[in-house]
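One file, entry-v6.cif, is given below (mmCIF, C-alpha atoms).
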```cif
data_protein
#
loop_
_atom_site.label_atom_id
_atom_site.label_comp_id
_atom_site.auth_asym_id
_atom_site.auth_seq_id
_atom_site.Cartn_x
_atom_site.Cartn_y
_atom_site.Cartn_z
CA MET A 440 34.97 218.34 -15.40
CA ALA A 441 31.76 216.42 -15.00
CA GLY A 442 31.75 213.33 -12.87
CA PRO A 443 30.63 209.90 -14.08
CA ALA A 444 26.92 209.35 -14.73
CA PRO A 445 25.07 207.56 -11.93
CA THR A 446 24.39 203.96 -12.64
CA PRO A 447 20.66 203.08 -12.64
CA THR A 448 19.47 200.86 -9.85
CA PRO A 449 18.00 197.48 -10.75
CA GLU A 450 14.58 198.46 -9.32
CA ALA A 451 14.32 201.57 -11.53
CA ALA A 452 15.60 199.87 -14.64
CA ALA A 453 13.31 196.83 -14.53
CA PRO A 454 9.85 197.52 -16.09
CA LYS A 455 6.71 196.67 -14.17
CA PRO A 456 5.34 193.27 -15.08
CA ALA A 457 2.03 193.29 -17.01
CA PRO A 458 -1.00 192.29 -14.95
CA PRO A 459 -2.04 188.70 -15.54
CA ARG A 460 -4.87 188.40 -18.04
CA ASN A 461 -7.92 186.28 -17.67
CA GLN A 462 -7.19 183.07 -19.52
CA ALA A 463 -10.78 182.63 -20.66
CA LEU A 464 -10.90 186.15 -22.15
CA ARG A 465 -7.47 185.63 -23.74
CA MET A 466 -8.56 182.42 -25.45
CA LEU A 467 -11.67 184.18 -26.78
CA GLY A 468 -9.61 187.08 -28.08
CA LEU A 469 -11.28 189.63 -25.84
CA PRO A 470 -9.39 192.50 -24.20
CA ALA A 471 -8.75 192.61 -20.49
CA LEU A 472 -11.50 194.09 -18.33
CA PRO A 473 -10.89 197.58 -16.93
CA ARG A 474 -9.46 197.67 -13.42
CA LYS A 475 -11.69 200.52 -12.30
CA LEU A 476 -15.40 201.38 -12.46
CA PRO A 477 -16.74 203.99 -14.90
CA SER A 478 -17.16 207.55 -13.78
CA ARG A 479 -20.13 208.78 -11.78
CA ASN A 480 -21.88 210.26 -14.83
CA TRP A 481 -21.52 207.04 -16.80
CA MET A 482 -22.81 205.01 -13.89
CA ILE A 483 -25.91 207.23 -13.64
CA PHE A 484 -26.50 206.99 -17.40
CA TRP A 485 -26.20 203.21 -17.58
CA THR A 486 -28.29 202.69 -14.45
CA VAL A 487 -31.17 204.88 -15.66
CA SER A 488 -31.05 203.47 -19.19
CA THR A 489 -31.04 199.88 -17.94
CA ALA A 490 -33.88 200.49 -15.49
CA VAL A 491 -36.10 202.19 -18.09
CA SER A 492 -35.37 199.54 -20.72
CA ALA A 493 -36.09 196.73 -18.27
CA ALA A 494 -39.39 198.33 -17.22
CA ILE A 495 -40.51 198.73 -20.85
CA ILE A 496 -39.49 195.21 -21.85
CA TYR A 497 -41.13 193.64 -18.78
CA ASP A 498 -44.37 195.57 -19.25
CA ARG A 499 -44.52 194.69 -22.94
CA ARG A 500 -43.99 191.00 -22.24
CA GLU A 501 -46.63 190.92 -19.52
CA LYS A 502 -49.06 192.83 -21.74
CA LYS A 503 -48.64 190.20 -24.46
CA ARG A 504 -49.06 187.49 -21.84
CA ALA A 505 -52.33 188.98 -20.58
CA ILE A 506 -53.76 189.33 -24.08
CA ALA A 507 -52.66 185.81 -25.00
CA ARG A 508 -54.21 184.39 -21.81
CA TRP A 509 -57.65 185.81 -22.58
CA ALA A 510 -57.30 184.82 -26.23
CA HIS A 511 -56.66 181.21 -25.15
CA ALA A 512 -59.70 181.42 -22.86
CA VAL A 513 -62.06 181.98 -25.81
CA GLU A 514 -60.30 180.10 -28.62
CA HIS A 515 -62.49 177.04 -28.08
CA LEU A 516 -65.43 179.03 -29.51
CA ALA A 517 -63.73 179.11 -32.92
CA LYS A 518 -63.73 175.29 -33.03
CA GLU A 519 -67.47 174.93 -32.48
CA PRO A 520 -69.15 174.05 -35.82
CA LEU A 521 -72.22 175.83 -37.16
CA PRO A 522 -75.51 173.89 -37.26
CA ASN A 523 -75.61 173.90 -41.07
CA GLY A 524 -74.05 175.53 -44.09
CA LEU A 525 -76.62 178.32 -44.25
CA ALA A 526 -76.37 179.29 -40.58
CA GLN A 527 -74.87 182.67 -39.72
CA PRO A 528 -72.32 183.05 -36.91
CA ARG A 529 -72.81 185.34 -33.96
CA LYS A 530 -72.10 188.92 -34.96
CA LEU A 531 -71.00 191.72 -32.66
CA THR A 532 -71.06 195.46 -33.22
CA ILE A 533 -67.98 197.52 -32.33
CA TYR A 534 -68.63 201.19 -31.58
CA LEU A 535 -65.67 203.56 -31.48
CA SER A 536 -65.18 207.25 -32.11
CA SER A 537 -62.41 209.79 -32.00
CA PRO A 538 -61.56 210.77 -28.41
CA PRO A 539 -61.97 214.41 -27.38
CA GLY A 540 -59.18 216.52 -28.78
CA ASP A 541 -57.74 213.80 -31.02
CA GLY A 542 -58.42 211.83 -34.19
CA LEU A 543 -60.04 208.52 -34.99
CA ARG A 544 -56.69 206.81 -35.55
CA VAL A 545 -56.03 206.80 -31.80
CA ALA A 546 -59.23 204.84 -31.13
CA GLN A 547 -58.46 202.45 -34.00
CA ASP A 548 -54.98 201.73 -32.64
CA HIS A 549 -56.42 201.15 -29.17
CA TYR A 550 -58.88 198.64 -30.59
CA THR A 551 -56.23 196.88 -32.69
CA GLU A 552 -53.84 196.53 -29.76
CA TYR A 553 -56.18 195.37 -26.98
CA VAL A 554 -59.54 194.21 -28.39
CA LYS A 555 -58.97 192.70 -31.83
CA PRO A 556 -56.61 189.82 -30.83
CA ILE A 557 -59.23 188.35 -28.49
CA LEU A 558 -62.08 188.74 -30.97
CA ALA A 559 -60.00 187.13 -33.71
CA ALA A 560 -59.18 184.16 -31.46
CA SER A 561 -62.87 183.60 -30.67
CA GLY A 562 -63.84 183.21 -34.33
CA LEU A 563 -66.84 185.55 -34.01
CA ASP A 564 -67.96 187.99 -36.66
CA TRP A 565 -68.22 191.72 -36.05
CA GLU A 566 -68.97 194.99 -37.77
CA PHE A 567 -67.70 198.51 -37.17
CA VAL A 568 -69.47 201.75 -36.36
CA GLN A 569 -66.92 204.56 -36.39
CA GLY A 570 -67.60 208.19 -35.60
CA ARG A 571 -65.28 211.03 -36.53
CA ARG A 572 -67.45 213.77 -35.06
CA GLU A 573 -69.52 214.06 -31.94
CA GLY A 574 -72.94 212.62 -32.63
CA ASP A 575 -72.05 210.19 -35.43
CA VAL A 576 -72.40 207.14 -33.20
CA ARG A 577 -75.64 208.50 -31.76
CA ALA A 578 -77.14 208.86 -35.24
CA VAL A 579 -76.13 205.33 -36.31
CA VAL A 580 -77.46 203.68 -33.14
CA ALA A 581 -80.78 205.55 -33.35
CA GLU A 582 -81.24 204.72 -37.04
CA LYS A 583 -80.46 201.07 -36.36
CA VAL A 584 -83.17 200.94 -33.69
CA ARG A 585 -85.68 202.70 -35.95
CA LYS A 586 -85.04 200.13 -38.71
CA LEU A 587 -85.68 197.37 -36.18
CA ARG A 588 -88.97 198.96 -35.19
CA LYS A 589 -90.04 199.25 -38.82
CA SER A 590 -89.10 195.63 -39.52
CA LYS A 591 -91.42 194.53 -36.71
CA GLY A 592 -94.38 196.21 -38.34
CA GLU A 593 -94.45 199.59 -36.63
CA ALA A 594 -95.33 202.31 -39.12
CA GLN A 595 -95.54 206.06 -39.04
CA GLY A 596 -98.41 208.08 -40.42
CA ASP A 597 -96.32 209.98 -42.98
CA ASP A 598 -94.02 207.23 -44.21
CA THR A 599 -91.56 208.81 -46.63
CA ASP A 600 -89.28 205.77 -47.06
CA SER A 601 -91.43 204.07 -49.70
CA ASP A 602 -90.04 206.09 -52.60
CA ARG A 603 -86.36 205.92 -51.76
CA PRO A 604 -84.12 203.28 -53.37
CA PRO A 605 -83.02 200.33 -51.18
CA THR A 606 -79.64 200.50 -49.51
CA LYS A 607 -76.86 197.93 -49.82
CA GLU A 608 -77.75 196.41 -46.46
CA GLU A 609 -81.38 196.01 -47.49
CA ILE A 610 -80.38 194.40 -50.79
CA VAL A 611 -78.11 191.92 -49.01
CA GLU A 612 -80.80 191.14 -46.43
CA ALA A 613 -83.40 190.55 -49.16
CA PHE A 614 -81.00 188.22 -51.00
CA ARG A 615 -80.37 186.20 -47.85
CA LYS A 616 -84.06 185.82 -47.19
CA GLY A 617 -84.58 184.65 -50.74
CA GLN A 618 -81.87 182.02 -50.33
CA GLY A 619 -83.24 180.84 -46.99
CA ILE A 620 -80.31 182.19 -44.95
CA GLU A 621 -81.51 183.17 -41.51
CA ASP A 622 -79.76 185.53 -39.12
CA TYR A 623 -78.24 184.40 -35.86
CA ALA A 624 -81.09 183.82 -33.41
CA GLY A 625 -79.08 184.06 -30.18
CA VAL A 626 -77.72 186.95 -28.17
CA LEU A 627 -75.63 189.38 -30.21
CA GLY A 628 -73.95 192.16 -28.27
CA ASP A 629 -72.30 195.57 -28.55
CA VAL A 630 -68.75 196.61 -27.63
CA VAL A 631 -68.50 200.33 -26.83
CA ILE A 632 -64.98 201.76 -26.52
CA GLY A 633 -64.54 204.84 -24.37
CA ARG A 634 -66.74 207.00 -22.15
CA HIS A 635 -67.37 209.48 -24.97
CA THR A 636 -68.69 206.68 -27.22
CA TRP A 637 -70.71 205.23 -24.34
CA LYS A 638 -72.54 208.53 -23.89
CA GLU A 639 -73.48 208.64 -27.56
CA TYR A 640 -74.53 204.97 -27.46
CA ILE A 641 -76.93 205.58 -24.55
CA ARG A 642 -78.33 208.69 -26.21
CA GLY A 643 -78.85 206.80 -29.48
CA LEU A 644 -80.75 203.98 -27.75
CA HIS A 645 -83.12 206.44 -26.10
CA GLU A 646 -83.62 208.36 -29.33
CA GLY A 647 -84.32 205.19 -31.31
CA TRP A 648 -86.79 203.61 -28.88
CA LEU A 649 -88.50 206.71 -27.48
CA GLY A 650 -88.35 209.03 -30.48
CA PRO A 651 -90.69 209.14 -33.47
CA LEU A 652 -89.91 207.28 -36.68
CA ALA A 653 -90.44 210.35 -38.85
CA PRO A 654 -87.53 212.80 -38.96
CA PRO A 655 -88.04 216.25 -37.46
CA PRO A 656 -88.96 219.09 -39.82
CA GLU A 657 -86.06 220.89 -41.37
CA PRO A 658 -85.43 224.37 -39.99
CA ALA A 659 -86.11 227.31 -42.25
CA PRO A 660 -82.97 228.42 -44.11
CA LEU A 661 -81.49 231.61 -42.84
CA PRO A 662 -81.39 234.53 -45.28
CA THR A 663 -78.01 234.97 -46.91
CA PRO A 664 -76.36 238.36 -46.45
CA PRO A 665 -76.40 240.62 -49.52
CA ALA A 666 -73.23 240.75 -51.58
CA ALA A 667 -70.97 243.73 -51.35
CA GLU A 668 -70.83 246.28 -54.14
CA GLY A 669 -67.39 245.26 -55.33
CA GLU A 670 -68.12 241.53 -55.49
CA THR A 671 -69.21 239.80 -58.68
CA PRO A 672 -71.60 236.81 -58.94
CA SER A 673 -68.71 234.51 -59.95
CA GLU A 674 -66.75 235.40 -56.82
CA GLU A 675 -69.85 234.88 -54.71
CA LYS A 676 -70.44 231.44 -56.29
CA LYS A 677 -66.81 230.48 -55.70
CA GLU A 678 -67.11 231.38 -52.02
CA GLU A 679 -70.26 229.27 -51.72
CA GLU A 680 -68.47 226.25 -53.18
CA GLU A 681 -65.62 226.68 -50.73
CA GLN A 682 -68.08 226.80 -47.83
CA LYS A 683 -69.84 223.56 -48.80
CA PRO A 684 -69.36 220.80 -46.21
CA LYS A 685 -67.00 218.03 -47.25
CA ARG A 686 -69.01 215.34 -45.47
CA PRO A 687 -72.76 214.73 -45.59
CA PRO A 688 -74.64 216.53 -42.84
CA GLN A 689 -75.27 214.64 -39.64
CA PRO A 690 -78.91 213.56 -39.12
CA ARG A 691 -80.69 215.69 -36.58
CA PRO A 692 -81.94 213.99 -33.39
CA HIS A 693 -85.61 212.99 -33.39
CA ASN A 694 -86.10 213.97 -29.75
CA THR A 695 -84.36 215.48 -26.75
CA VAL A 696 -83.68 214.25 -23.24
CA ASN A 697 -86.58 216.38 -22.00
CA ASP A 698 -88.99 214.34 -24.14
CA TYR A 699 -88.25 211.01 -22.41
CA PRO A 700 -91.00 211.12 -19.73
CA ALA A 701 -93.73 212.10 -22.21
CA SER A 702 -92.69 209.53 -24.85
CA SER A 703 -94.41 206.16 -25.03
CA LEU A 704 -92.41 202.98 -25.42
CA PRO A 705 -93.35 200.88 -28.50
CA LEU A 706 -95.42 197.80 -27.76
CA LEU A 707 -92.99 195.54 -29.63
CA THR A 708 -90.01 196.57 -27.49
CA PRO A 709 -88.21 193.41 -26.32
CA ALA A 710 -88.01 192.64 -22.62
CA GLU A 711 -84.20 192.52 -22.86
CA LEU A 712 -82.06 194.63 -25.16
CA ALA A 713 -78.80 193.42 -26.65
CA PRO A 714 -76.09 193.35 -23.94
CA ALA A 715 -73.31 195.89 -24.10
CA ALA A 716 -69.77 196.09 -22.76
CA PRO A 717 -68.18 199.51 -22.12
CA ILE A 718 -64.42 199.23 -22.72
CA ARG A 719 -62.11 201.74 -21.07
CA GLU A 720 -59.94 203.97 -23.25
CA PRO A 721 -57.61 206.12 -21.15
CA HIS A 722 -56.60 209.14 -23.19
CA ILE A 723 -54.98 212.25 -21.76
CA LEU A 724 -53.20 215.11 -23.51
CA GLY A 725 -51.03 217.99 -22.37
CA PHE A 726 -47.43 218.52 -21.31
CA LEU A 727 -48.31 218.93 -17.65
CA ASN A 728 -49.88 215.47 -17.68
CA THR A 729 -46.61 213.80 -18.65
CA PRO A 730 -46.19 212.03 -15.26
CA THR A 731 -49.65 210.48 -15.59
CA ARG A 732 -48.96 209.42 -19.15
CA MET A 733 -45.64 207.84 -18.15
CA ARG A 734 -47.25 205.96 -15.27
CA ARG A 735 -49.88 204.54 -17.62
CA PHE A 736 -47.24 203.74 -20.25
CA PHE A 737 -45.25 201.61 -17.81
CA ASN A 738 -48.39 199.82 -16.56
CA ARG A 739 -50.16 198.85 -19.78
CA ARG A 740 -50.21 195.21 -18.65
CA ALA A 741 -52.98 196.04 -16.15
CA LEU A 742 -54.98 197.78 -18.88
CA ALA A 743 -54.58 194.77 -21.19
CA ASP A 744 -55.74 192.39 -18.46
CA GLU A 745 -58.85 194.43 -17.65
CA ILE A 746 -59.84 194.94 -21.30
CA GLY A 747 -59.15 191.28 -22.03
CA ARG A 748 -61.51 190.21 -19.26
CA GLU A 749 -64.29 192.46 -20.60
CA VAL A 750 -63.86 191.31 -24.20
CA ALA A 751 -63.70 187.65 -23.13
CA ALA A 752 -67.02 188.10 -21.32
CA VAL A 753 -68.50 189.41 -24.58
CA CYS A 754 -67.22 186.36 -26.48
CA LEU A 755 -68.47 183.92 -23.83
CA CYS A 756 -71.86 185.72 -23.77
CA THR A 757 -72.21 185.97 -19.98
CA HIS A 758 -74.26 189.00 -18.98
CA ARG A 759 -76.32 190.42 -16.14
CA GLU A 760 -78.68 193.31 -15.43
CA PHE A 761 -77.45 196.82 -14.77
CA GLN A 762 -77.71 197.76 -11.11
CA GLN A 763 -78.75 200.89 -9.23
CA TYR A 764 -76.61 202.57 -6.58
CA PRO A 765 -77.19 205.48 -4.19
CA ASP A 766 -76.19 208.82 -5.63
CA PRO A 767 -73.14 210.21 -3.74
CA GLU A 768 -74.51 213.75 -3.92
CA SER A 769 -78.01 212.82 -2.72
CA PRO A 770 -78.11 209.39 -1.00
CA GLU A 771 -81.91 209.36 -1.05
CA GLU A 772 -81.94 209.09 -4.87
CA LEU A 773 -80.69 206.12 -6.86
CA GLN A 774 -78.27 206.36 -9.76
CA TYR A 775 -78.19 203.91 -12.62
CA GLU A 776 -75.01 201.96 -13.23
CA GLN A 777 -75.03 203.09 -16.86
CA GLN A 778 -74.44 206.66 -15.70
CA LYS A 779 -71.32 205.73 -13.73
CA GLU A 780 -69.64 203.55 -16.33
CA LEU A 781 -66.15 204.90 -17.15
CA ALA A 782 -67.02 208.24 -15.52
CA TRP A 783 -63.40 208.70 -14.39
CA GLU A 784 -62.33 209.23 -18.02
CA GLU A 785 -64.06 212.61 -18.15
CA LYS A 786 -61.45 214.25 -15.93
CA ASP A 787 -58.83 213.55 -18.61
CA TRP A 788 -60.74 215.25 -21.42
CA VAL A 789 -59.56 218.51 -22.91
CA LYS A 790 -61.20 221.72 -21.78
CA SER A 791 -62.70 222.42 -25.20
CA VAL A 792 -65.24 219.64 -24.60
CA TRP A 793 -66.97 221.61 -21.89
CA LYS A 794 -67.14 224.89 -23.84
CA GLU A 795 -70.34 225.90 -25.56
CA ASP A 796 -70.32 226.50 -29.31
CA GLU A 797 -70.06 230.14 -30.22
CA PRO A 798 -72.85 231.53 -32.39
CA PRO A 799 -71.87 232.58 -35.93
CA LYS A 800 -70.76 236.14 -36.34
CA ASP A 801 -72.83 238.72 -38.18
CA GLY A 802 -72.63 238.14 -41.91
CA ALA A 803 -71.06 234.68 -41.60
CA ALA A 804 -72.71 231.62 -43.10
CA PRO A 805 -74.38 229.38 -40.49
CA THR A 806 -72.45 226.22 -39.68
CA GLU A 807 -73.83 222.78 -38.89
CA THR A 808 -74.70 222.49 -35.21
CA THR A 809 -74.62 219.11 -33.48
CA GLU A 810 -76.07 218.07 -30.15
CA LYS A 811 -73.67 218.40 -27.23
CA ILE A 812 -73.65 214.90 -25.78
CA ARG A 813 -70.22 214.54 -24.21
CA ALA A 814 -70.52 217.64 -22.06
CA ARG A 815 -73.98 216.71 -20.76
CA PRO A 816 -74.69 214.14 -18.03
CA ILE A 817 -76.25 210.84 -19.04
CA VAL A 818 -80.04 210.91 -18.70
CA MET A 819 -81.64 207.48 -18.33
CA ASP A 820 -85.25 206.42 -18.78
CA SER A 821 -86.28 203.76 -16.28
CA ARG A 822 -88.10 201.71 -18.95
CA LEU A 823 -84.98 201.31 -21.06
CA ALA A 824 -82.55 201.15 -18.12
CA SER A 825 -84.29 198.06 -16.77
CA ARG A 826 -84.09 196.35 -20.17
CA MET A 827 -80.37 196.92 -20.74
CA ARG A 828 -77.86 194.16 -19.97
CA ARG A 829 -74.12 194.25 -19.30
CA PHE A 830 -71.52 191.66 -20.23
CA GLU A 831 -69.59 190.39 -17.20
CA MET A 832 -67.20 187.49 -16.66
CA THR A 833 -68.40 184.82 -14.26
CA PRO A 834 -66.08 183.80 -11.38
CA GLU A 835 -65.82 180.25 -12.73
CA GLU A 836 -64.73 181.38 -16.20
CA GLU A 837 -62.28 183.90 -14.76
CA ALA A 838 -60.72 181.26 -12.50
CA ARG A 839 -60.36 178.97 -15.50
CA ALA A 840 -58.68 181.71 -17.52
CA ARG A 841 -56.26 182.55 -14.70
CA GLN A 842 -54.99 178.96 -14.72
CA ILE A 843 -53.98 179.12 -18.39
CA VAL A 844 -50.21 179.04 -18.82
CA VAL A 845 -49.06 181.01 -21.86
CA PRO A 846 -46.01 179.47 -23.60
CA GLU A 847 -42.91 181.61 -23.45
CA GLU A 848 -42.55 181.57 -27.22
CA GLU A 849 -45.78 183.60 -27.60
CA VAL A 850 -44.56 186.54 -25.52
CA GLU A 851 -40.82 186.65 -26.23
CA GLY A 852 -39.36 189.43 -28.30
CA TRP A 853 -37.63 189.37 -31.67
CA THR A 854 -34.09 188.94 -30.28
CA LYS A 855 -34.90 186.05 -27.97
CA GLY A 856 -37.01 184.39 -30.64
CA LYS A 857 -34.19 184.53 -33.19
CA LEU A 858 -31.70 183.17 -30.65
CA ARG A 859 -34.09 180.32 -29.87
CA GLN A 860 -34.41 179.54 -33.59
CA LEU A 861 -30.64 179.66 -34.02
CA PHE A 862 -30.13 177.26 -31.10
CA ARG A 863 -32.69 174.82 -32.47
CA TRP A 864 -31.14 174.99 -35.93
CA GLY A 865 -27.71 174.26 -34.46
CA ALA A 866 -29.07 171.38 -32.41
CA ASP A 867 -30.70 169.89 -35.49
CA GLN A 868 -27.36 169.84 -37.29
CA PHE A 869 -25.93 167.35 -34.80
CA LYS A 870 -28.88 164.98 -35.00
CA PRO A 871 -28.29 161.89 -37.12
CA LYS A 872 -29.97 162.17 -40.46
CA GLN A 873 -31.77 159.23 -41.98
CA THR A 874 -30.33 158.26 -45.32
CA GLY A 875 -32.46 155.19 -46.05
CA PRO A 876 -36.02 155.05 -47.32
CA LEU A 877 -38.80 156.58 -45.24
CA ILE A 878 -40.91 154.01 -43.42
CA GLY A 879 -44.16 154.31 -41.46
CA ASP A 880 -44.77 157.62 -39.69
CA ASP A 881 -41.76 159.26 -41.36
CA VAL A 882 -43.68 159.47 -44.63
CA GLU A 883 -45.71 162.67 -44.81
#
```
Would you mind writing the file's structure down as structure tokens?
Amino acid sequence: MAGPAPTPTPEAAAPKPAPPRNQALRMLGLPALPRKLPSRNWMIFWTVSTAVSAAIIYDRREKKRAIARWAHAVEHLAKEPLPNGLAQPRKLTIYLSSPPGDGLRVAQDHYTEYVKPILAASGLDWEFVQGRREGDVRAVVAEKVRKLRKSKGEAQGDDTDSDRPPTKEEIVEAFRKGQGIEDYAGVLGDVVIGRHTWKEYIRGLHEGWLGPLAPPPEPAPLPTPPAAEGETPSEEKKEEEEQKPKRPPQPRPHNTVNDYPASSLPLLTPAELAPAAPIREPHILGFLNTPTRMRRFFNRRALADEIGREVAAVCLCTHREFQQYPDPESPEELQYEQQKELAWEEKDWVKSVWKEDEPPKDGAAPTETTEKIRARPIVMDSRLASRMRRFEMTPEEEARARQIVVPEEEVEGWTKGKLRQLFRWGADQFKPKQTGPLIGDDVE
């Protein structure tokens, strides 16, 4: 016979009391905080995520602050009135081209993010010169210089431009002259984005000033290979249409770098050319370069500050002469500053830039060949090098810009901006509202 069941002790029968809750959390309806830390994996995840997010947010805010600071430094130029209603504002020329191994959209985004906000704040006018292929910028710069030489009265023996119809730019220029609208008489300026564009810009200046006005003779067309026995004329015509270039052919250069010493400089060449500002465009591709790309991504504020200083110098029109420095390879020789501008960008270019173009195979149609400018070193002529000018910020203007305090509302993100608006809206609800008639300054 079983004995009586043991009676439970008071300690075992009484349940453990619930831990006291935080009164503030209880009044807000929030649950009690956990009594232990998350696991090791969760701690690593939240720490890394928070650190990366904080670095991105901080860099983005400081990048906006740097751009806004230089924009405030030149915004007084937009408030300066023109002399009269027919006067033209100062107009800049922006040169950009697709970086090696990538498309033009990358250069356009770089300009929109770092250069455009400062130019827009200055109130200046500008025009674009965009190159999709290597040599496009060179051709435009050279043609622009040749038109300037022709407008000053320089003529070539076999002038073939008399029979061609006028272009849109010439029609607009003729209309302005008829209406008495004169161009801006001061210093203009060029903004060149990237080392690859800078090389084409220098080559175009030398071609325009040292080259002949007449285009070079067209090469003799190569004989087309005979059609195969099985092919019909219709198939051959269809293949020719498919091989037609989609874009107009690029103008051939009027001279080469070897022709610089023997070329004579025109008598009407100005003593000072339009100043230029080379703007850096760091661009690197490849999976193995991911650490470099990440380092640059987290430090874009320094890039924005440097580009902002260069663009502000262009807007303020402060420039100097290009200098000469001893060549590191041969200290006895001097190297022009134009040759060293943004030279560090070349080490980030893809390998295909340095490869020579392969000749067409036997039987293949010849393709358009362009001058290799990016893979060649910059060759300077002393007569043009001494006439070139470079935009540079003066110490006084830079010190003034560094003292500008950017309001927090200009650099804050979407979340903080909406919270600030919500707080101001709530504060306005508690302000006493005027119910009587509006008197004095209250009337808009």
Between stretch 709-760 of chain A and stretch 560-568 of chain A, at 10 Å or less, what are the per-residue closest atom pairs and their distances in Å? Count all atoms listed in the file, order by chain and rising residue number, and return it as a Markdown table.
```
| residue | atom | partner | partner_atom | distance |
| --- | --- | --- | --- | --- |
| A:Ala751 | CA | A:Ser561 | CA | 8.6 |
| A:Cys754 | CA | A:Ser561 | CA | 6.6 |
| A:Leu755 | CA | A:Ser561 | CA | 8.8 |
```
Could you make a table, as a Markdown table, of the residues of stretch 686-715 of chain A that have an atom within 8 Å of an atom of stretch 809-825 of chain A, each with its nearest atom pair and distance in Å to one decimal, counting only C-alpha atoms, in chain and number order?
```
| residue | atom | partner | partner_atom | distance |
| --- | --- | --- | --- | --- |
| A:Gln689 | CA | A:Thr809 | CA | 7.6 |
| A:Arg691 | CA | A:Thr809 | CA | 7.6 |
| A:Pro692 | CA | A:Glu810 | CA | 7.8 |
| A:Val696 | CA | A:Val818 | CA | 6.7 |
| A:Tyr699 | CA | A:Asp820 | CA | 6.6 |
| A:Pro700 | CA | A:Asp820 | CA | 7.5 |
| A:Leu704 | CA | A:Arg822 | CA | 7.9 |
```
(message) To one decimal place in Å, what is the distance between atom CA of A:Ser702 and atom CA of A:Pro651?
(response) 8.9 Å
(message) List as a ChimeraX atom specification the protein and nucleic acid residues near A:Ala713, meaning an atom at most 8 Å away when all atoms listed in the file are counted, but skip any in the same chain fewer than 6 places from it.
(response) /A:626-629,827-828
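Closest approach to A:Lys502 among A:Trp485, A:Phe726, A:Tyr553, A:Tyr775: A:Tyr553, based on all atoms listed in the file.
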(request) May I have the protein, DNA and RNA residues with any atom at most 8 Å from the point (-46.4, 187.6, -29.0), counting all atoms listed in the file, written as a ChimeraX atom specification? (result) /A:500,503-504,507,848-852
(request) Give me the result of the PyMOL selection byres ((chain A and resi 747) around 10) on this file, residue by residue, as a list in words. (result)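 When the PyMOL selection byres ((chain A and resi 747) around 10) is applied, the selected residues are Ala505, Ile506, Ala507, Arg508, Trp509, Ala510, Ala512, Tyr553, Val554, Lys555, Pro556, Ile557, Leu558, Ile718, Ala741, Leu742, Ala743, Asp744, Glu745, Ile746, Arg748, Glu749, Val750, Ala751, Ala752 and Val753 of chain A.
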(message) Could you tell me, as number ranges by chain, exactly which residues end up selected when the PyMOL selection byres ((chain A and resi 727-735) around 12) is applied to this structure?
(response) A: 491, 494-495, 498, 720-726, 736-743, 786-789
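Taking atom CA of A:Thr833 and atom CA of A:Ala517 as the two end points, the separation is 20.1 Å.
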(request) Have a look at A:Gly574, A:Gly617, A:Gly542, A:Pro767 and name the one nearest to A:Lys779; count only C-alpha atoms. (result) A:Pro767
(message) Using only C-alpha atoms, which protein or nucleic acid residues come within 12 Å of A:Pro473? Drop anything in the same chain fewer than 3 positions from it, and give the result as a list in words.
(response)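 What passes the distance filter is Pro458, Arg460, Asn461, Leu469, Pro470, Leu476 and Pro477 of chain A.
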(message) When the PyMOL selection byres ((chain A and resi 630) around 7) is applied to the structure above, which residues does it catch, written out as a list in words?
(response)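 Listing what the PyMOL selection byres ((chain A and resi 630) around 7) selects in the shown file: Thr532, Ile533, Tyr534, Gly628, Asp629, Val631, Ile632, Ala715, Ala716 and Pro717 of chain A.
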Writer output for current selection, C-alpha atoms, as a JSON list (two decimals), in the coordinates of the input:
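As written to disk, selection_16.json reads:
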```json
[["chain", "number", "residue", "atom", "x", "y", "z"],
["A", 532, "THR", "CA", -71.06, 195.46, -33.22],
["A", 533, "ILE", "CA", -67.98, 197.52, -32.33],
["A", 534, "TYR", "CA", -68.63, 201.19, -31.58],
["A", 628, "GLY", "CA", -73.95, 192.16, -28.27],
["A", 629, "ASP", "CA", -72.30, 195.57, -28.55],
["A", 631, "VAL", "CA", -68.50, 200.33, -26.83],
["A", 632, "ILE", "CA", -64.98, 201.76, -26.52],
["A", 715, "ALA", "CA", -73.31, 195.89, -24.10],
["A", 716, "ALA", "CA", -69.77, 196.09, -22.76],
["A", 717, "PRO", "CA", -68.18, 199.51, -22.12]]
```
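Among the candidates A:Val611, A:Val844, A:Leu644, A:Leu535, the residue lying nearest to A:Leu712 is A:Leu644 (atoms considered: only C-alpha atoms).
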